[in-house]
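Here is the file model_18.tsv (TSV, C-alpha atoms).
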chain	number	residue	atom	x	y	z
A	1	LEU	CA	97.27	88.05	104.17
A	2	ARG	CA	99.02	88.95	107.39
A	3	LEU	CA	100.26	92.52	107.20
A	4	VAL	CA	103.83	93.21	108.19
A	5	LEU	CA	104.73	96.81	108.95
A	6	ALA	CA	107.89	98.32	107.54
A	7	ASP	CA	109.75	101.43	108.58
A	8	ASP	CA	110.43	104.45	106.37
A	9	GLN	CA	113.30	102.65	104.65
A	10	GLY	CA	111.12	99.64	103.82
A	11	THR	CA	112.76	97.31	106.35
A	12	ARG	CA	110.62	94.31	107.24
A	13	ARG	CA	109.33	93.74	110.73
A	14	GLY	CA	107.89	90.26	111.09
A	15	GLY	CA	107.09	87.60	108.49
A	16	GLU	CA	107.13	87.57	104.71
A	17	GLN	CA	103.53	87.16	103.53
A	18	ALA	CA	102.94	90.87	103.05
A	19	VAL	CA	104.64	94.18	103.63
A	20	VAL	CA	103.27	97.66	104.21
A	21	THR	CA	105.84	100.30	103.28
A	22	LEU	CA	105.45	103.92	104.35
A	23	THR	CA	107.11	106.73	102.43
A	24	LYS	CA	109.07	109.30	104.39
A	25	ASP	CA	106.14	111.72	104.35
A	26	ARG	CA	103.88	108.85	105.42
A	27	GLN	CA	101.32	109.84	102.77
A	28	ALA	CA	101.58	106.78	100.50
A	29	VAL	CA	101.38	103.19	101.62
A	30	MET	CA	102.20	100.22	99.45
A	31	LEU	CA	100.74	96.82	100.28
A	32	VAL	CA	102.91	94.20	98.70
A	33	GLY	CA	102.25	90.57	99.30
A	34	GLY	CA	101.49	87.20	97.90
A	35	TYR	CA	104.82	85.95	96.61
A	36	SER	CA	104.99	83.19	99.22
A	37	SER	CA	101.44	81.95	98.66
A	38	SER	CA	101.76	82.42	94.89
A	39	ASN	CA	104.96	80.41	94.80
A	40	THR	CA	103.43	77.63	96.90
A	41	LEU	CA	100.32	77.53	94.69
A	42	HIS	CA	102.23	77.39	91.43
A	43	THR	CA	104.65	74.78	92.75
A	44	ALA	CA	101.71	72.57	93.77
A	45	MET	CA	99.98	73.04	90.41
A	46	ALA	CA	103.08	71.91	88.53
A	47	ALA	CA	103.95	69.01	90.83
A	48	ASP	CA	103.24	66.39	88.15
A	49	ARG	CA	105.37	68.12	85.50
A	50	PRO	CA	109.02	67.77	86.52
A	51	GLU	CA	110.23	69.84	83.56
A	52	ILE	CA	108.35	72.89	84.89
A	53	THR	CA	110.34	75.12	87.22
A	54	VAL	CA	109.13	77.67	89.78
A	55	GLU	CA	111.47	80.23	91.28
A	56	GLU	CA	111.33	83.26	93.52
A	57	VAL	CA	113.17	86.27	92.12
A	58	VAL	CA	114.93	88.15	94.92
A	59	HIS	CA	115.29	91.90	94.39
A	60	ALA	CA	118.11	93.66	96.15
A	61	ASN	CA	116.41	96.95	97.03
A	62	TRP	CA	112.97	95.96	98.37
A	63	PRO	CA	111.61	92.98	100.30
A	64	GLN	CA	108.87	91.63	98.03
A	65	ARG	CA	109.95	88.93	95.61
A	66	SER	CA	108.67	88.16	92.15
A	67	VAL	CA	107.59	84.65	91.14
A	68	MET	CA	108.43	82.96	87.84
A	69	LEU	CA	107.09	79.64	86.50
A	70	THR	CA	108.66	78.31	83.33
A	71	ILE	CA	107.25	75.69	80.94
A	72	PRO	CA	110.05	74.78	78.52
A	73	GLY	CA	109.19	74.72	74.84
A	74	SER	CA	109.22	71.42	72.97
A	75	ASP	CA	110.23	72.68	69.50
A	76	LEU	CA	111.45	76.28	69.91
A	77	PRO	CA	112.72	76.44	73.50
A	78	ASP	CA	114.86	79.51	72.83
A	79	GLU	CA	111.80	81.58	71.90
A	80	VAL	CA	110.05	82.82	75.05
A	81	VAL	CA	106.49	84.01	75.61
A	82	VAL	CA	105.89	85.96	78.85
A	83	LEU	CA	102.50	86.11	80.59
A	84	GLY	CA	102.52	88.32	83.67
A	85	GLY	CA	100.73	90.36	86.29
A	86	HIS	CA	101.78	92.23	89.41
A	87	LEU	CA	101.45	90.83	92.92
A	88	ASP	CA	101.23	94.09	94.85
A	89	SER	CA	98.48	96.61	95.57
A	90	ILE	CA	98.48	100.17	96.87
A	91	VAL	CA	96.48	102.50	99.10
A	92	ARG	CA	97.06	106.17	99.81
A	93	GLY	CA	96.83	108.10	103.05
A	94	PHE	CA	96.93	106.82	106.60
A	95	VAL	CA	96.07	103.14	107.07
A	96	SER	CA	93.63	101.68	109.56
A	97	ASP	CA	91.58	98.50	109.82
A	98	SER	CA	88.81	100.15	107.78
A	99	THR	CA	90.95	101.68	105.02
A	100	PRO	CA	89.57	100.76	101.56
A	101	ALA	CA	91.98	99.35	99.00
A	102	PRO	CA	91.59	98.37	95.33
A	103	GLY	CA	93.49	95.12	95.66
A	104	ALA	CA	90.66	92.78	94.65
A	105	ASP	CA	90.78	94.22	91.14
A	106	ASP	CA	94.27	95.72	91.15
A	107	ASN	CA	95.66	93.23	90.98
A	108	ALA	CA	94.19	90.08	92.50
A	109	SER	CA	92.02	89.85	89.39
A	110	GLY	CA	95.01	89.75	87.05
A	111	ILE	CA	96.82	87.16	89.15
A	112	ALA	CA	93.62	85.06	89.36
A	113	THR	CA	93.26	85.22	85.57
A	114	LEU	CA	96.90	84.27	85.10
A	115	THR	CA	96.56	81.37	87.53
A	116	GLU	CA	93.41	80.11	85.81
A	117	VAL	CA	95.19	80.17	82.44
A	118	LEU	CA	97.97	78.10	83.98
A	119	ARG	CA	95.49	75.66	85.56
A	120	VAL	CA	93.67	75.09	82.27
A	121	LEU	CA	96.91	74.50	80.38
A	122	LEU	CA	98.24	72.05	82.96
A	123	ASP	CA	94.92	70.19	83.20
A	124	ALA	CA	95.07	69.76	79.42
A	125	ASP	CA	98.69	68.55	79.65
A	126	TYR	CA	99.64	71.38	77.31
A	127	ARG	CA	103.16	71.17	75.89
A	128	PRO	CA	103.98	74.50	74.23
A	129	ALA	CA	106.23	74.71	71.19
A	130	ARG	CA	107.86	77.83	72.64
A	131	THR	CA	108.95	78.34	76.23
A	132	VAL	CA	106.23	80.04	78.28
A	133	LYS	CA	107.02	82.00	81.44
A	134	PHE	CA	104.30	82.95	83.91
A	135	MET	CA	105.42	85.88	86.06
A	136	GLY	CA	104.06	87.51	89.19
A	137	TYR	CA	105.89	90.82	89.53
A	138	ALA	CA	106.87	92.58	92.72
A	139	ALA	CA	106.54	96.31	93.35
A	140	GLU	CA	104.64	97.41	90.26
A	141	GLU	CA	102.79	100.14	92.11
A	142	VAL	CA	105.94	102.05	92.99
A	143	GLY	CA	107.52	102.26	89.56
A	144	LEU	CA	107.33	98.89	87.74
A	145	ARG	CA	110.33	97.80	89.76
A	146	GLY	CA	110.04	94.00	89.64
A	147	SER	CA	109.18	93.77	85.96
A	148	GLY	CA	111.76	96.42	85.17
A	149	GLU	CA	114.56	94.37	86.70
A	150	ILE	CA	113.33	91.13	85.12
A	151	ALA	CA	112.85	92.58	81.62
A	152	SER	CA	116.25	94.31	81.77
A	153	ASP	CA	117.87	91.06	82.88
A	154	HIS	CA	116.32	89.18	79.96
A	155	ALA	CA	117.55	91.84	77.53
A	156	GLU	CA	121.06	91.86	79.00
A	157	ARG	CA	121.26	88.07	78.69
A	158	GLY	CA	119.95	88.19	75.12
A	159	VAL	CA	116.84	86.12	75.88
A	160	ASN	CA	114.64	85.95	72.79
A	161	VAL	CA	111.30	87.06	74.23
A	162	VAL	CA	108.97	86.97	71.22
A	163	GLY	CA	106.05	88.53	73.09
A	164	ALA	CA	104.95	89.73	76.54
A	165	PHE	CA	101.35	89.92	77.77
A	166	GLN	CA	100.26	91.82	80.88
A	167	LEU	CA	97.18	91.06	82.98
A	168	ASP	CA	96.39	93.95	85.32
A	169	MET	CA	92.79	94.68	86.37
A	170	THR	CA	90.65	92.15	84.50
A	171	ASN	CA	87.50	91.84	86.61
A	172	PHE	CA	85.51	95.11	86.58
A	173	GLN	CA	83.24	95.90	83.65
A	174	GLY	CA	83.78	99.63	83.59
A	175	SER	CA	82.27	100.33	80.18
A	176	GLU	CA	80.39	98.77	77.28
A	177	THR	CA	83.73	97.72	75.81
A	178	ASP	CA	84.57	94.25	77.15
A	179	ILE	CA	88.32	94.40	76.48
A	180	THR	CA	90.40	97.50	75.86
A	181	LEU	CA	93.80	96.98	74.25
A	182	ILE	CA	96.13	99.68	75.48
A	183	ASN	CA	97.83	101.14	72.42
A	184	ASP	CA	100.67	103.14	73.90
A	185	PHE	CA	103.83	101.57	75.32
A	186	THR	CA	102.74	98.41	73.47
A	187	ASN	CA	103.39	96.76	70.10
A	188	GLU	CA	100.94	97.56	67.31
A	189	ALA	CA	101.34	94.31	65.37
A	190	GLN	CA	100.99	92.16	68.48
A	191	ASN	CA	97.93	94.15	69.58
A	192	GLU	CA	96.29	93.43	66.22
A	193	PHE	CA	97.06	89.74	66.70
A	194	VAL	CA	95.51	89.80	70.18
A	195	GLY	CA	92.43	91.41	68.65
A	196	GLN	CA	92.24	88.59	66.11
A	197	LEU	CA	92.42	86.06	68.95
A	198	ILE	CA	89.56	87.81	70.76
A	199	ASP	CA	87.42	87.70	67.60
A	200	THR	CA	88.27	84.07	66.87
A	201	TYR	CA	87.80	82.55	70.30
A	202	THR	CA	85.32	84.80	72.14
A	203	GLU	CA	82.21	86.89	71.61
A	204	PHE	CA	83.64	89.89	73.45
A	205	ASN	CA	83.77	93.32	71.87
A	206	TRP	CA	87.02	95.23	72.09
A	207	GLY	CA	88.74	98.45	71.17
A	208	PHE	CA	91.88	100.52	71.65
A	209	ASP	CA	92.71	103.25	74.13
A	210	PRO	CA	95.93	104.81	75.45
A	211	CYS	CA	97.03	104.92	79.07
A	212	GLY	CA	98.94	108.11	78.52
A	213	TYR	CA	101.90	106.84	80.54
A	214	ALA	CA	103.75	103.62	81.42
A	215	CYS	CA	100.80	102.37	83.43
A	216	SER	CA	101.71	98.73	84.04
A	217	ASP	CA	104.41	96.10	83.63
A	218	HIS	CA	103.99	95.78	79.86
A	219	ALA	CA	105.93	99.03	79.63
A	220	SER	CA	108.98	97.38	81.19
A	221	TRP	CA	109.13	94.87	78.34
A	222	THR	CA	108.59	97.61	75.77
A	223	GLU	CA	111.42	99.61	77.34
A	224	ALA	CA	113.66	96.53	77.13
A	225	GLY	CA	112.99	96.25	73.40
A	226	TYR	CA	110.36	93.49	73.37
A	227	ALA	CA	106.85	93.35	71.90
A	228	ALA	CA	104.23	93.73	74.64
A	229	SER	CA	100.44	93.90	74.90
A	230	PHE	CA	98.12	94.96	77.71
A	231	PRO	CA	94.39	94.10	77.57
A	232	PHE	CA	92.50	96.15	80.16
A	233	GLU	CA	89.00	96.03	81.63
A	234	ALA	CA	87.81	99.42	80.32
A	235	PRO	CA	88.97	102.46	78.36
A	236	PHE	CA	91.06	104.89	80.38

Please render this file's structure as structure tokens.
Amino acid sequence: LRLVLADDQGTRRGGEQAVVTLTKDRQAVMLVGGYSSSNTLHTAMAADRPEITVEEVVHANWPQRSVMLTIPGSDLPDEVVVLGGHLDSIVRGFVSDSTPAPGADDNASGIATLTEVLRVLLDADYRPARTVKFMGYAAEEVGLRGSGEIASDHAERGVNVVGAFQLDMTNFQGSETDITLINDFTNEAQNEFVGQLIDTYTEFNWGFDPCGYACSDHASWTEAGYAASFPFEAPF
């Protein structure tokens, strides 16, 4: 991605592929990017399915946009399942050409997993009974901003989201536990169902662990009153 510097107020200078935002004390730097390429990718993947829509969600108070792809349900279109991950990454301190960043795992891995799920479903000509929305959220690293706005909007409009599923950091095997289901700021019944799916369709071992805080976009859906789950790569 081409980096685009922003001033202390987050104003863009240059193009739209990525943005680096400096806080006023210049001690935290957010790299946000990927909405343009993500939107282009998802639009191309769904080109043969005219009922599928892809939209960029413009947020008023920061430059990065969220991306939303919607597959309408065939039987229960008013019941919505949300699959999401955040598009941004973050580094701390002063930035140079050699500054390390965790973006490959946090959260390119989650977006790659989400995109692969979409590819498999489209290749199989999958027609879901319920409406399924794939979401790439903006500005997660600075307070769950993109998902917070989107989840609040769904709640205000009375959208019947029957479950939300967050993919954030899916690629690093940080422990002997293959999948850790985060059990705070999530829904207990849905977590148990996700565990049943893991047992039924995979040979992975799994367990529960808390984040201790609202550590990813699943918490936005929980805050909005919806059931949410967050499978993570390792216990916290």

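Minimum atom-to-atom distances from A:Asp75, A:Glu223, A:Asp123, A:Asp178 to Ile198 (chain A) were compared using all atoms listed in the file, and the lowest value belongs to A:Asp178.
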
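What separates CA of Asp184 (chain A) from CA of Phe236 (chain A) is a distance of 11.7 Å.
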
Computed gap from CA of Asn61 (chain A) to CA of Ala164 (chain A) is 24.6 Å

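Distance-wise, CA of Ala112 (chain A) and CA of Ala139 (chain A) end up 17.6 Å apart.
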
If we count all atoms listed in the file, what is near Ala104 (chain A) at a cut-off of 9 Å, once residues fewer than 2 positions away on the same chain are taken out, given as a list in words? Ser89, Ala101, Pro102, Asp106, Asn107, Ala108, Ser109, Met169 and Asn171 of chain A

Please reconstruct the missing atoms of region 40-57 of chain A (target: N, CA and C atoms) and return them as a PDB file, in the coordinates of the input.
ATOM      1  N   THR A  40     103.917  78.922  96.409  1.00  0.00           N
ATOM      2  CA  THR A  40     103.430  77.630  96.900  1.00  0.00           C
ATOM      3  C   THR A  40     102.350  77.084  95.988  1.00  0.00           C
ATOM      4  N   LEU A  41     101.412  77.943  95.572  1.00  0.00           N
ATOM      5  CA  LEU A  41     100.320  77.530  94.690  1.00  0.00           C
ATOM      6  C   LEU A  41     100.843  77.015  93.369  1.00  0.00           C
ATOM      7  N   HIS A  42     101.732  77.775  92.745  1.00  0.00           N
ATOM      8  CA  HIS A  42     102.230  77.390  91.430  1.00  0.00           C
ATOM      9  C   HIS A  42     103.094  76.145  91.496  1.00  0.00           C
ATOM     10  N   THR A  43     103.858  75.995  92.577  1.00  0.00           N
ATOM     11  CA  THR A  43     104.650  74.780  92.750  1.00  0.00           C
ATOM     12  C   THR A  43     103.739  73.568  92.853  1.00  0.00           C
ATOM     13  N   ALA A  44     102.657  73.679  93.620  1.00  0.00           N
ATOM     14  CA  ALA A  44     101.710  72.570  93.770  1.00  0.00           C
ATOM     15  C   ALA A  44     101.026  72.247  92.448  1.00  0.00           C
ATOM     16  N   MET A  45     100.669  73.257  91.685  1.00  0.00           N
ATOM     17  CA  MET A  45      99.980  73.040  90.410  1.00  0.00           C
ATOM     18  C   MET A  45     100.860  72.292  89.425  1.00  0.00           C
ATOM     19  N   ALA A  46     102.162  72.506  89.499  1.00  0.00           N
ATOM     20  CA  ALA A  46     103.080  71.910  88.530  1.00  0.00           C
ATOM     21  C   ALA A  46     103.777  70.665  89.078  1.00  0.00           C
ATOM     22  N   ALA A  47     103.258  70.115  90.159  1.00  0.00           N
ATOM     23  CA  ALA A  47     103.950  69.010  90.830  1.00  0.00           C
ATOM     24  C   ALA A  47     104.115  67.789  89.939  1.00  0.00           C
ATOM     25  N   ASP A  48     103.181  67.577  89.009  1.00  0.00           N
ATOM     26  CA  ASP A  48     103.240  66.390  88.150  1.00  0.00           C
ATOM     27  C   ASP A  48     104.018  66.625  86.859  1.00  0.00           C
ATOM     28  N   ARG A  49     104.612  67.794  86.718  1.00  0.00           N
ATOM     29  CA  ARG A  49     105.370  68.120  85.500  1.00  0.00           C
ATOM     30  C   ARG A  49     106.799  68.488  85.902  1.00  0.00           C
ATOM     31  N   PRO A  50     107.676  67.498  86.001  1.00  0.00           N
ATOM     32  CA  PRO A  50     109.020  67.770  86.520  1.00  0.00           C
ATOM     33  C   PRO A  50     109.836  68.732  85.662  1.00  0.00           C
ATOM     34  N   GLU A  51     109.469  68.913  84.396  1.00  0.00           N
ATOM     35  CA  GLU A  51     110.230  69.840  83.560  1.00  0.00           C
ATOM     36  C   GLU A  51     109.886  71.299  83.844  1.00  0.00           C
ATOM     37  N   ILE A  52     108.772  71.539  84.569  1.00  0.00           N
ATOM     38  CA  ILE A  52     108.350  72.890  84.890  1.00  0.00           C
ATOM     39  C   ILE A  52     109.086  73.372  86.136  1.00  0.00           C
ATOM     40  N   THR A  53     109.616  74.560  86.085  1.00  0.00           N
ATOM     41  CA  THR A  53     110.340  75.120  87.220  1.00  0.00           C
ATOM     42  C   THR A  53     109.593  76.326  87.787  1.00  0.00           C
ATOM     43  N   VAL A  54     109.698  76.505  89.098  1.00  0.00           N
ATOM     44  CA  VAL A  54     109.130  77.670  89.780  1.00  0.00           C
ATOM     45  C   VAL A  54     110.235  78.276  90.635  1.00  0.00           C
ATOM     46  N   GLU A  55     110.420  79.583  90.504  1.00  0.00           N
ATOM     47  CA  GLU A  55     111.470  80.230  91.280  1.00  0.00           C
ATOM     48  C   GLU A  55     110.991  81.567  91.831  1.00  0.00           C
ATOM     49  N   GLU A  56     111.529  81.931  92.970  1.00  0.00           N
ATOM     50  CA  GLU A  56     111.330  83.260  93.520  1.00  0.00           C
ATOM     51  C   GLU A  56     112.482  84.142  93.066  1.00  0.00           C
ATOM     52  N   VAL A  57     112.155  85.318  92.569  1.00  0.00           N
ATOM     53  CA  VAL A  57     113.170  86.270  92.120  1.00  0.00           C
ATOM     54  C   VAL A  57     113.396  87.268  93.243  1.00  0.00           C
TER      55      VAL A  57
END
